[in-house]
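Down below is the structure, laid out as structure tokens.
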Amino acid sequence: MVYSNKNSVTKLKNTFLLVGILLLLTATAFIFLEEFVIVAIIAGFFLLGILLVTMLNLQYVKIAEENGRLLIRYYAVFSVNRQYESIEFPVSSLKKVEVSKYFLGLKWDVSFTVRLKQGFADYPPVCFSAIPRKERIRLINWIKGLK
């Protein structure tokens, strides 16, 4: 199975870009009308949106199972210093898949525990928040079924 959330990430980026541009244009119009209280409220919403996006850490995720190995590639969608990360391990060594939910269930971090010759290894969590909810649940159940 191969899964990628490229389409949903593209829609999310375009939506955030459009909303941000509309907020900035609206704020500009109210500056010309000298309604500075409304401008301050719009600026507050804009900053709140930026804070929410930063806290959610939305990530592009590609998961593939090939030849008995699980490959997970991911990177932050909204990032100044983008780092491309990759996790690869044999499916047979997967011991635990743990889902942590934060911010009223908006942020889902999935961490993997793998058995090695030296003991157990925990990989850093991958954020599944940018994956639509139904696909997210189905994907996590599929990964848990690999054990």
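Naming scheme: A, B, ... for chains in displayed order of the structure tokens; residues 1 onward per chain; ligands 1 onward as shown.
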Quick one: everything within 12 Å of Leu23 of chain A, counting only C-alpha atoms, minus sequence neighbours fewer than 2 positions away in the same chain. Send it as a list in words.
->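 The neighbour list is Phe16, Leu17, Leu18, Val19, Gly20, Ile21, Leu25, Thr26, Ala27, Thr28, Ala29, Phe30, Ile38, Val39, Ala40, Ile41, Ile42, Ala43, Gly44, Phe45, Phe46, Leu47 and Gly49 of chain A.
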So which bits of chain A end up helix (DSSP H, G or I) when you DSSP the backbone, as number ranges by chain?
-> A: 6-32, 36-56, 91-93, 133-145
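The shortest atom-to-atom distance to Met55 of chain A, with only C-alpha atoms taken into account, belongs to A:Cys127 out of A:Cys127, A:Ile31, A:Val99, A:Leu12.
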Skip segment 118-123 of chain A itself and residues of its chain fewer than 6 positions away, then list as a PyMOL selection string all residues within 8 Å of it, counting only C-alpha atoms.
-> chain A and resi 87+111-112
For Asp109 of chain A, the closest of A:Val126, A:Leu94, A:Leu139, A:Phe78 counting only C-alpha atoms is A:Val126
Kindly indicate which residue among A:Lys107, A:Gly145, A:Asn57, A:Phe32 lies nearest to Lys95 of chain A, using only C-alpha atoms for the distances.
->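 With only C-alpha atoms as the atom set, the closest residue is A:Gly145.
For the set A:Pro132, A:Gln83, A:Glu65, A:Lys147, the residue with the smallest atom-to-atom gap to Thr113 of chain A is A:Lys147, counting only C-alpha atoms.
For the choices A:Leu24, A:Asn5, A:Leu70, A:Ser92, the atom-to-atom distance to Glu135 of chain A is smallest for A:Asn5 when using only C-alpha atoms.
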